[in-house]
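**Q** See upload_2.json below, with JSON, C-alpha atoms.
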[["chain", "number", "residue", "atom", "x", "y", "z"],
["L", 239, "MET", "CA", 99.54, 102.24, 84.65],
["L", 240, "LEU", "CA", 99.60, 104.81, 87.45],
["L", 241, "SER", "CA", 96.44, 106.64, 88.38],
["L", 242, "LEU", "CA", 96.25, 110.42, 88.35],
["L", 243, "THR", "CA", 96.41, 110.53, 92.14],
["L", 244, "GLN", "CA", 99.47, 108.30, 92.25],
["L", 245, "LYS", "CA", 101.32, 110.40, 89.67],
["L", 246, "PHE", "CA", 100.54, 113.52, 91.68],
["L", 247, "PHE", "CA", 101.82, 112.08, 94.91],
["L", 248, "PHE", "CA", 104.94, 110.58, 93.37],
["L", 249, "SER", "CA", 105.85, 114.11, 92.32],
["L", 250, "LEU", "CA", 105.60, 115.22, 95.96],
["L", 251, "ILE", "CA", 107.45, 112.33, 97.55],
["L", 252, "SER", "CA", 110.31, 110.71, 95.70],
["L", 253, "LYS", "CA", 110.82, 107.83, 98.11],
["L", 254, "PRO", "CA", 109.61, 104.58, 96.52],
["L", 255, "THR", "CA", 106.98, 102.30, 97.98],
["L", 256, "ARG", "CA", 108.64, 99.54, 99.95],
["L", 257, "SER", "CA", 107.20, 96.25, 101.11],
["L", 258, "PHE", "CA", 109.43, 94.19, 103.32],
["L", 259, "PRO", "CA", 109.36, 91.70, 106.18],
["L", 260, "SER", "CA", 110.21, 92.88, 109.67],
["L", 261, "ILE", "CA", 113.52, 91.98, 111.29],
["L", 262, "GLU", "CA", 112.74, 90.06, 114.46],
["L", 263, "THR", "CA", 114.62, 88.77, 117.46],
["L", 264, "LYS", "CA", 113.14, 86.65, 120.24],
["L", 265, "VAL", "CA", 114.44, 87.61, 123.64],
["L", 266, "PRO", "CA", 114.06, 85.95, 127.06],
["L", 267, "SER", "CA", 113.61, 88.33, 130.01],
["L", 268, "PHE", "CA", 115.57, 88.87, 133.23],
["L", 269, "ILE", "CA", 115.41, 92.15, 135.10],
["L", 270, "ARG", "CA", 118.34, 93.77, 136.86],
["L", 271, "ASN", "CA", 120.19, 97.11, 136.96],
["L", 272, "THR", "CA", 123.70, 97.25, 138.41],
["L", 273, "MET", "CA", 126.46, 99.83, 138.15],
["L", 274, "SER", "CA", 129.94, 99.40, 139.64],
["L", 275, "GLU", "CA", 133.46, 99.08, 138.30],
["L", 276, "SER", "CA", 134.22, 96.48, 140.98],
["L", 277, "ASP", "CA", 131.27, 94.25, 140.03],
["L", 278, "HIS", "CA", 132.49, 92.06, 137.19],
["L", 279, "THR", "CA", 129.92, 89.28, 137.65],
["L", 280, "PRO", "CA", 127.72, 88.87, 134.56],
["L", 281, "GLN", "CA", 124.22, 90.11, 135.37],
["L", 282, "PHE", "CA", 122.39, 87.92, 132.87],
["L", 283, "ASN", "CA", 122.42, 84.20, 132.14],
["L", 284, "SER", "CA", 122.49, 85.01, 128.42],
["L", 285, "PRO", "CA", 123.36, 88.66, 127.77],
["L", 286, "ARG", "CA", 122.16, 90.28, 124.58],
["L", 287, "LEU", "CA", 125.00, 90.66, 122.10],
["L", 288, "VAL", "CA", 125.43, 93.03, 119.19],
["L", 289, "VAL", "CA", 124.34, 91.10, 116.10],
["L", 290, "LYS", "CA", 124.55, 93.98, 113.63],
["L", 291, "LYS", "CA", 126.38, 97.32, 113.63],
["L", 292, "VAL", "CA", 125.30, 100.12, 111.27],
["L", 293, "LEU", "CA", 127.01, 103.50, 110.97],
["L", 294, "ALA", "CA", 124.39, 106.24, 110.59],
["L", 295, "LYS", "CA", 125.41, 108.13, 107.46],
["L", 296, "LEU", "CA", 124.74, 111.75, 106.59],
["L", 297, "GLN", "CA", 122.02, 112.55, 104.07],
["L", 298, "HIS", "CA", 119.80, 115.52, 103.21],
["L", 299, "GLU", "CA", 116.13, 115.58, 104.23],
["L", 300, "GLY", "CA", 113.36, 118.17, 104.33],
["L", 301, "ASP", "CA", 114.39, 121.62, 103.11],
["L", 302, "GLY", "CA", 118.15, 121.88, 103.63],
["L", 303, "ALA", "CA", 118.27, 119.76, 106.80],
["L", 304, "VAL", "CA", 120.95, 117.12, 107.41],
["L", 305, "VAL", "CA", 120.30, 113.82, 109.19],
["L", 306, "ARG", "CA", 122.29, 110.75, 110.12],
["L", 307, "ARG", "CA", 119.93, 107.89, 109.29],
["L", 308, "GLY", "CA", 120.55, 104.70, 111.22],
["L", 309, "ILE", "CA", 117.27, 102.83, 110.65],
["L", 310, "GLY", "CA", 115.24, 103.11, 107.45],
["L", 311, "ARG", "CA", 118.01, 102.63, 104.90],
["L", 312, "ASN", "CA", 119.34, 99.74, 102.83],
["L", 313, "ASP", "CA", 121.68, 98.53, 105.61],
["L", 314, "LEU", "CA", 118.82, 98.31, 108.13],
["L", 315, "ARG", "CA", 115.42, 98.73, 106.53],
["L", 316, "ASN", "CA", 113.46, 98.34, 109.76],
["L", 317, "LEU", "CA", 113.50, 96.57, 113.12],
["L", 318, "ASP", "CA", 109.92, 95.71, 114.02],
["L", 319, "PRO", "CA", 108.23, 97.86, 115.33],
["L", 320, "PHE", "CA", 110.79, 100.57, 114.50],
["L", 321, "LEU", "CA", 110.71, 102.12, 111.03],
["L", 322, "MET", "CA", 113.27, 104.93, 111.10],
["L", 323, "LEU", "CA", 115.84, 106.62, 113.32],
["L", 324, "ASP", "CA", 117.30, 110.00, 112.36],
["L", 325, "ASP", "CA", 119.95, 111.95, 114.24],
["L", 326, "PHE", "CA", 119.12, 115.39, 112.83],
["L", 327, "SER", "CA", 120.81, 118.78, 112.71],
["L", 328, "VAL", "CA", 118.98, 121.75, 111.24],
["L", 329, "SER", "CA", 119.83, 125.46, 111.16],
["L", 330, "PRO", "CA", 117.61, 128.30, 109.88],
["L", 331, "PRO", "CA", 116.34, 128.76, 107.25],
["L", 332, "ALA", "CA", 116.43, 124.97, 106.69],
["L", 333, "GLY", "CA", 113.82, 122.73, 108.25],
["L", 334, "PHE", "CA", 111.00, 120.28, 107.67],
["L", 335, "PRO", "CA", 108.12, 122.23, 106.09],
["L", 336, "ASP", "CA", 104.54, 120.98, 105.69],
["L", 337, "HIS", "CA", 104.40, 117.20, 105.19],
["L", 338, "PRO", "CA", 101.93, 114.38, 105.98],
["L", 339, "HIS", "CA", 102.03, 111.17, 108.03],
["L", 340, "ARG", "CA", 99.72, 108.20, 108.45],
["L", 341, "GLY", "CA", 99.93, 104.84, 110.20],
["L", 342, "PHE", "CA", 102.67, 105.28, 112.84],
["L", 343, "GLU", "CA", 104.09, 107.39, 115.69],
["L", 344, "THR", "CA", 106.98, 109.87, 115.66],
["L", 345, "VAL", "CA", 109.09, 110.50, 118.77],
["L", 346, "THR", "CA", 111.21, 113.67, 118.69],
["L", 347, "TYR", "CA", 113.84, 114.05, 121.44],
["L", 348, "MET", "CA", 115.77, 117.32, 121.46],
["L", 349, "LEU", "CA", 119.47, 117.08, 122.25],
["L", 350, "GLN", "CA", 120.32, 120.75, 121.60],
["L", 351, "GLY", "CA", 118.30, 123.82, 120.67],
["L", 352, "ALA", "CA", 114.60, 123.91, 119.86],
["L", 353, "ILE", "CA", 112.08, 122.93, 117.17],
["L", 354, "THR", "CA", 108.66, 124.54, 116.65],
["L", 355, "HIS", "CA", 105.89, 122.22, 115.52],
["L", 356, "GLN", "CA", 102.48, 123.11, 114.12],
["L", 357, "ASP", "CA", 99.80, 121.01, 112.43],
["L", 358, "PHE", "CA", 96.64, 121.37, 110.40],
["L", 359, "SER", "CA", 94.40, 120.84, 113.45],
["L", 360, "GLY", "CA", 95.72, 123.94, 115.24],
["L", 361, "HIS", "CA", 98.24, 122.23, 117.52],
["L", 362, "LYS", "CA", 101.41, 124.29, 117.95],
["L", 363, "GLY", "CA", 104.33, 124.21, 120.35],
["L", 364, "THR", "CA", 108.08, 124.36, 120.79],
["L", 365, "ILE", "CA", 110.21, 121.57, 122.24],
["L", 366, "ARG", "CA", 113.62, 122.51, 123.67],
["L", 367, "THR", "CA", 116.77, 120.75, 124.84],
["L", 368, "GLY", "CA", 115.79, 117.61, 126.74],
["L", 369, "ASP", "CA", 112.11, 117.80, 125.78],
["L", 370, "VAL", "CA", 110.16, 115.03, 124.04],
["L", 371, "GLN", "CA", 107.19, 115.09, 121.68],
["L", 372, "TRP", "CA", 105.45, 111.73, 121.21],
["L", 373, "MET", "CA", 103.11, 112.19, 118.25],
["L", 374, "THR", "CA", 100.66, 109.50, 117.18],
["L", 375, "ALA", "CA", 99.84, 110.33, 113.57],
["L", 376, "GLY", "CA", 97.16, 107.66, 113.30],
["L", 377, "ARG", "CA", 94.75, 108.29, 110.44],
["L", 378, "GLY", "CA", 96.47, 111.46, 109.35],
["L", 379, "ILE", "CA", 98.51, 114.51, 110.28],
["L", 380, "ILE", "CA", 100.02, 117.28, 108.17],
["L", 381, "HIS", "CA", 102.56, 119.34, 110.09],
["L", 382, "SER", "CA", 105.79, 121.29, 109.96],
["L", 383, "GLU", "CA", 108.92, 121.09, 112.13],
["L", 384, "MET", "CA", 111.14, 124.15, 111.94],
["L", 385, "PRO", "CA", 114.15, 125.41, 113.95],
["L", 386, "ALA", "CA", 113.26, 127.85, 116.72],
["L", 387, "GLY", "CA", 116.67, 129.46, 117.20],
["L", 388, "GLU", "CA", 119.94, 130.37, 115.57],
["L", 389, "GLY", "CA", 122.61, 127.77, 114.91],
["L", 390, "PRO", "CA", 122.22, 123.98, 114.81],
["L", 391, "GLN", "CA", 119.11, 122.50, 116.40],
["L", 392, "MET", "CA", 119.86, 118.84, 117.09],
["L", 393, "GLY", "CA", 117.88, 115.80, 118.15],
["L", 394, "LEU", "CA", 116.69, 112.28, 117.46],
["L", 395, "GLN", "CA", 113.50, 111.32, 115.66],
["L", 396, "LEU", "CA", 112.24, 107.75, 115.92],
["L", 397, "TRP", "CA", 109.34, 106.31, 113.89],
["L", 398, "ILE", "CA", 107.36, 103.53, 115.61],
["L", 399, "ASN", "CA", 104.86, 101.47, 113.65],
["L", 400, "LEU", "CA", 101.23, 101.12, 114.73],
["L", 401, "SER", "CA", 99.32, 97.86, 114.54],
["L", 402, "SER", "CA", 96.69, 97.41, 111.83],
["L", 403, "ASN", "CA", 94.01, 97.98, 114.49],
["L", 404, "ASP", "CA", 95.49, 101.37, 115.44],
["L", 405, "LYS", "CA", 96.65, 102.83, 112.13],
["L", 406, "MET", "CA", 93.41, 104.77, 111.62],
["L", 407, "MET", "CA", 93.04, 106.01, 115.21],
["L", 408, "GLU", "CA", 92.61, 109.71, 115.93],
["L", 409, "PRO", "CA", 95.90, 111.64, 116.15],
["L", 410, "ARG", "CA", 97.19, 112.67, 119.57],
["L", 411, "TYR", "CA", 100.22, 114.19, 121.29],
["L", 412, "GLN", "CA", 102.18, 113.59, 124.47],
["L", 413, "GLU", "CA", 104.69, 116.36, 125.18],
["L", 414, "LEU", "CA", 107.13, 116.28, 128.08],
["L", 415, "THR", "CA", 109.57, 118.98, 129.11],
["L", 416, "SER", "CA", 112.98, 117.90, 130.36],
["L", 417, "ASP", "CA", 111.70, 118.42, 133.92],
["L", 418, "ASP", "CA", 108.84, 116.00, 133.26],
["L", 419, "ILE", "CA", 111.15, 113.16, 132.23],
["L", 420, "PRO", "CA", 112.06, 110.97, 135.23],
["L", 421, "SER", "CA", 115.79, 110.55, 135.81],
["L", 422, "THR", "CA", 118.12, 109.11, 138.40],
["L", 423, "GLU", "CA", 121.84, 108.61, 138.93],
["L", 424, "ASN", "CA", 123.87, 105.93, 140.71],
["L", 425, "ASP", "CA", 127.54, 104.87, 140.67],
["L", 426, "GLY", "CA", 128.42, 107.06, 137.68],
["L", 427, "VAL", "CA", 125.36, 106.09, 135.62],
["L", 428, "GLU", "CA", 122.57, 108.56, 134.80],
["L", 429, "VAL", "CA", 119.38, 107.46, 133.06],
["L", 430, "LYS", "CA", 116.52, 109.53, 131.67],
["L", 431, "VAL", "CA", 113.42, 107.38, 131.22],
["L", 432, "ILE", "CA", 111.56, 108.65, 128.17],
["L", 433, "ALA", "CA", 109.42, 105.51, 127.97],
["L", 434, "GLY", "CA", 109.34, 102.36, 130.05],
["L", 435, "GLU", "CA", 111.22, 101.75, 133.30],
["L", 436, "SER", "CA", 114.81, 101.70, 134.53],
["L", 437, "MET", "CA", 116.63, 101.84, 137.87],
["L", 438, "GLY", "CA", 113.35, 101.88, 139.75],
["L", 439, "ILE", "CA", 111.71, 104.81, 137.95],
["L", 440, "ARG", "CA", 109.01, 104.79, 135.28],
["L", 441, "SER", "CA", 108.01, 107.21, 132.52],
["L", 442, "PRO", "CA", 104.48, 108.66, 132.45],
["L", 443, "VAL", "CA", 104.35, 108.27, 128.66],
["L", 444, "TYR", "CA", 101.71, 105.87, 127.34],
["L", 445, "THR", "CA", 102.92, 103.99, 124.27],
["L", 446, "LYS", "CA", 100.35, 102.51, 121.91],
["L", 447, "THR", "CA", 102.98, 100.04, 120.70],
["L", 448, "PRO", "CA", 104.72, 98.85, 123.92],
["L", 449, "THR", "CA", 108.11, 100.59, 123.92],
["L", 450, "MET", "CA", 111.08, 101.43, 126.13],
["L", 451, "TYR", "CA", 113.29, 104.45, 125.40],
["L", 452, "LEU", "CA", 116.17, 105.10, 127.81],
["L", 453, "ASP", "CA", 118.88, 107.78, 127.60],
["L", 454, "PHE", "CA", 122.00, 106.61, 129.48],
["L", 455, "THR", "CA", 125.16, 108.54, 130.34],
["L", 456, "LEU", "CA", 128.04, 106.51, 131.80],
["L", 457, "GLN", "CA", 131.01, 108.23, 133.36],
["L", 458, "PRO", "CA", 134.47, 106.67, 132.85],
["L", 459, "ARG", "CA", 134.78, 103.19, 134.45],
["L", 460, "ALA", "CA", 131.02, 102.92, 135.02],
["L", 461, "GLN", "CA", 128.88, 100.03, 133.82],
["L", 462, "VAL", "CA", 125.16, 99.32, 133.53],
["L", 463, "HIS", "CA", 123.08, 96.16, 133.22],
["L", 464, "GLN", "CA", 119.56, 96.77, 131.90],
["L", 465, "ASN", "CA", 116.66, 94.40, 131.45],
["L", 466, "ILE", "CA", 114.71, 94.21, 128.18],
["L", 467, "PRO", "CA", 111.33, 92.42, 128.06],
["L", 468, "GLU", "CA", 111.54, 88.90, 126.78],
["L", 469, "ALA", "CA", 109.77, 89.12, 123.41],
["L", 470, "TRP", "CA", 110.93, 92.61, 122.39],
["L", 471, "ASN", "CA", 113.35, 93.71, 119.68],
["L", 472, "SER", "CA", 115.93, 96.29, 120.73],
["L", 473, "PHE", "CA", 118.79, 98.48, 119.58],
["L", 474, "VAL", "CA", 121.31, 101.03, 120.86],
["L", 475, "TYR", "CA", 122.24, 104.33, 119.25],
["L", 476, "ILE", "CA", 125.49, 105.88, 120.50],
["L", 477, "ILE", "CA", 125.21, 109.67, 120.78],
["L", 478, "GLU", "CA", 128.73, 110.41, 122.04],
["L", 479, "GLY", "CA", 131.79, 108.62, 123.35],
["L", 480, "GLU", "CA", 132.52, 104.92, 122.96],
["L", 481, "GLY", "CA", 131.53, 101.86, 124.92],
["L", 482, "VAL", "CA", 131.70, 98.09, 125.23],
["L", 483, "PHE", "CA", 128.33, 96.44, 124.63],
["L", 484, "GLY", "CA", 127.17, 92.90, 125.39],
["L", 485, "THR", "CA", 130.27, 91.23, 126.82],
["L", 486, "LYS", "CA", 133.31, 92.64, 128.61],
["L", 487, "ASN", "CA", 135.69, 91.32, 125.93],
["L", 488, "SER", "CA", 133.92, 93.03, 123.01],
["L", 489, "SER", "CA", 135.69, 95.79, 121.12],
["L", 490, "PRO", "CA", 134.62, 99.37, 121.93],
["L", 491, "ILE", "CA", 132.11, 100.95, 119.50],
["L", 492, "SER", "CA", 132.06, 104.68, 118.80],
["L", 493, "ALA", "CA", 129.42, 107.37, 118.28],
["L", 494, "HIS", "CA", 126.78, 107.39, 115.52],
["L", 495, "HIS", "CA", 126.45, 103.61, 115.33],
["L", 496, "VAL", "CA", 123.17, 101.72, 115.60],
["L", 497, "LEU", "CA", 123.68, 98.39, 117.37],
["L", 498, "VAL", "CA", 121.00, 95.75, 116.78],
["L", 499, "LEU", "CA", 120.81, 93.46, 119.80],
["L", 500, "GLY", "CA", 120.24, 89.73, 119.60],
["L", 501, "PRO", "CA", 118.45, 87.40, 122.03],
["L", 502, "GLY", "CA", 119.36, 87.26, 125.69],
["L", 503, "ASP", "CA", 118.33, 88.17, 129.21],
["L", 504, "GLY", "CA", 119.45, 91.82, 129.10],
["L", 505, "LEU", "CA", 122.11, 94.28, 127.98],
["L", 506, "SER", "CA", 125.40, 94.99, 129.75],
["L", 507, "VAL", "CA", 127.46, 98.08, 128.89],
["L", 508, "TRP", "CA", 130.89, 99.21, 130.11],
["L", 509, "ASN", "CA", 132.61, 102.58, 129.65],
["L", 510, "ARG", "CA", 136.34, 101.88, 129.65],
["L", 511, "SER", "CA", 137.30, 105.21, 128.07],
["L", 512, "SER", "CA", 138.39, 108.43, 129.77],
["L", 513, "LYS", "CA", 135.33, 110.36, 128.53],
["L", 514, "PRO", "CA", 131.58, 110.03, 129.19],
["L", 515, "LEU", "CA", 129.54, 107.63, 127.08],
["L", 516, "ARG", "CA", 126.00, 108.61, 126.08],
["L", 517, "PHE", "CA", 123.59, 106.30, 124.25],
["L", 518, "VAL", "CA", 119.90, 105.54, 123.93],
["L", 519, "LEU", "CA", 118.58, 102.04, 124.44],
["L", 520, "VAL", "CA", 115.29, 101.45, 122.62],
["L", 521, "GLY", "CA", 113.13, 98.34, 122.67],
["L", 522, "GLY", "CA", 109.66, 97.48, 121.50],
["L", 523, "GLN", "CA", 107.17, 94.67, 121.13],
["L", 524, "PRO", "CA", 107.18, 93.45, 117.51],
["L", 525, "LEU", "CA", 103.89, 93.68, 115.64],
["L", 526, "ASN", "CA", 104.65, 90.80, 113.26],
["L", 527, "GLU", "CA", 102.55, 92.40, 110.53],
["L", 528, "PRO", "CA", 103.31, 93.23, 106.87],
["L", 529, "VAL", "CA", 104.88, 96.65, 106.33],
["L", 530, "VAL", "CA", 104.18, 98.59, 103.15],
["L", 531, "GLN", "CA", 105.71, 102.07, 103.18],
["L", 532, "HIS", "CA", 105.48, 104.96, 100.75],
["L", 533, "GLY", "CA", 107.50, 107.87, 102.17],
["L", 534, "PRO", "CA", 105.59, 109.17, 105.22],
["L", 535, "PHE", "CA", 102.73, 106.66, 104.83],
["L", 536, "VAL", "CA", 103.04, 103.23, 106.48],
["L", 537, "MET", "CA", 100.26, 100.67, 106.07],
["L", 538, "ASN", "CA", 99.88, 96.89, 105.74],
["L", 539, "THR", "CA", 98.93, 96.51, 102.06],
["L", 540, "GLN", "CA", 99.52, 98.27, 98.76],
["L", 541, "ALA", "CA", 95.75, 98.85, 98.47],
["L", 542, "GLU", "CA", 95.85, 100.77, 101.77],
["L", 543, "ILE", "CA", 98.75, 102.87, 100.48],
["L", 544, "ASP", "CA", 96.80, 103.65, 97.28],
["L", 545, "GLN", "CA", 93.81, 104.66, 99.41],
["L", 546, "THR", "CA", 96.02, 106.86, 101.59],
["L", 547, "ILE", "CA", 97.41, 108.66, 98.55],
["L", 548, "GLU", "CA", 93.86, 109.27, 97.35],
["L", 549, "ASP", "CA", 92.77, 110.46, 100.79],
["L", 550, "TYR", "CA", 95.66, 112.92, 100.95],
["L", 551, "TYR", "CA", 95.11, 114.22, 97.42],
["L", 552, "TYR", "CA", 91.36, 114.70, 97.89],
["L", 553, "SER", "CA", 91.61, 115.92, 101.54],
["L", 554, "LYS", "CA", 89.39, 113.20, 103.04],
["L", 555, "ASN", "CA", 89.36, 110.37, 105.62],
["L", 556, "GLY", "CA", 91.60, 112.19, 108.09],
["L", 557, "PHE", "CA", 93.14, 114.80, 105.79],
["L", 558, "GLU", "CA", 90.09, 117.10, 105.57],
["L", 559, "ASN", "CA", 91.95, 120.12, 106.96],
["L", 560, "ALA", "CA", 94.70, 119.81, 104.35],
["L", 561, "LYS", "CA", 92.60, 121.67, 101.79],
["L", 562, "TYR", "CA", 92.76, 124.97, 103.66],
["L", 563, "TRP", "CA", 95.85, 124.79, 105.87],
["L", 564, "LYS", "CA", 99.39, 126.05, 105.49],
["L", 565, "SER", "CA", 101.90, 126.51, 108.30],
["L", 566, "GLN", "CA", 102.81, 130.06, 109.32]]
Please go through the file and, once you have read it, give me the structure as structure tokens.
**A**
Amino acid sequence: MLSLTQKFFFSLISKPTRSFPSIETKVPSFIRNTMSESDHTPQFNSPRLVVKKVLAKLQHEGDGAVVRRGIGRNDLRNLDPFLMLDDFSVSPPAGFPDHPHRGFETVTYMLQGAITHQDFSGHKGTIRTGDVQWMTAGRGIIHSEMPAGEGPQMGLQLWINLSSNDKMMEPRYQELTSDDIPSTENDGVEVKVIAGESMGIRSPVYTKTPTMYLDFTLQPRAQVHQNIPEAWNSFVYIIEGEGVFGTKNSSPISAHHVLVLGPGDGLSVWNRSSKPLRFVLVGGQPLNEPVVQHGPFVMNTQAEIDQTIEDYYYSKNGFENAKYWKSQ
């Protein structure tokens, strides 16, 4: 029988509790970046290939917002340490009003427009096109994310799990404007390094769970060969255009697909189309821990989820400010 606190919270969040094993790949490491149409020599002894392709499908989230969810659905429940990937589009008056998080990090990367964020600890700010907010929810955050302009405000939001040792850490933020994000260009390839390192440049972002997050744009006939650390899981999300991933003889894959990468020394990508190809390459060190999720709460056991629901309902253990706060 459900407790009073559980019944209350189930009425707020309709997503069911989910307990599932993490999807893991083991990957050897070899580091190299090369871009040139004339260079057809494979850059890796064993290139990572696409082992699963998932089309991110439209669904409604928040209050009238629309997202394309690529990770965090039946086709791809998670990819340790990644819990969710949404390609969102939101126009006023829709948005993501006050809601809680515990046990993981959210990374919001604006592709177009602006989103204003505020939380129950007094933190408030607006991220605009090309900006990134890296929020570590830790033991508890309640916040809102609302459009800050007319028309569609578009971006990507990635959820990254925290280890059991870090789930109850104090919340924190890292916010970078587009000018703060290192970028470079060579032979028709541009990369913006949100986290990690590529083409000789490194992001200033500190990631609690070791992570790389690279935004690539390849002009027609360009190619790129990117290392991925040996033991990490990784995926690609195609923002626009189409490209060939893994091996030169693979079929082109179009926008809005998540590509789960298998084991290998690194990823090779070719743009054989007449239009630019833009994609993000994301990799992370797997935690290899149980995942029990109830909506915006991600812990390791059902008992911890029950405790989180109680903490949220009674405004304690990280949610103290919830009792008096409402976004403006």
**Q** With all atoms listed in the file as the basis for distance, which of L:Lys446, L:His337, L:Lys291, L:Arg459 is at the shortest distance from Ala560 of chain L?
**A**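 Result for the nearest residue to Ala560 of chain L: L:His337.
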**Q** Could you tell me which of L:Gly389, L:Gly302, L:Gly310, L:Gly556 comes closest to His532 of chain L if we count only C-alpha atoms?
**A**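 Comparing L:Gly389, L:Gly302, L:Gly310, L:Gly556 against His532 of chain L, the winner is L:Gly310.
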**Q** Nearest to Glu343 of chain L among L:Lys564, L:Lys405, L:Arg440, L:Arg307, with distances taken over all atoms listed in the file: which residue is it?
**A**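 Checking each candidate against Glu343 of chain L, we get L:Lys405 as the closest.
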**Q** Could you give me, as a PyMOL selection string, the residues within 7 Å of segment 483-498 of chain L, counting only C-alpha atoms and dropping anything in the same chain fewer than 2 positions from it?
**A** chain L and resi 285-294+308+472-481+500+505-508
**Q** Provide the atom CA of Ala375 of chain L to atom CA of Thr344 of chain L distance in Å, to one decimal place.
**A** 7.5 Å
**Q** I need the residue nearest Lys430 of chain L from this list: L:Val518, L:Ala386, L:Ile309, L:Leu314. Use only C-alpha atoms for the distance.
**A**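 Nearest to Lys430 of chain L: L:Val518.
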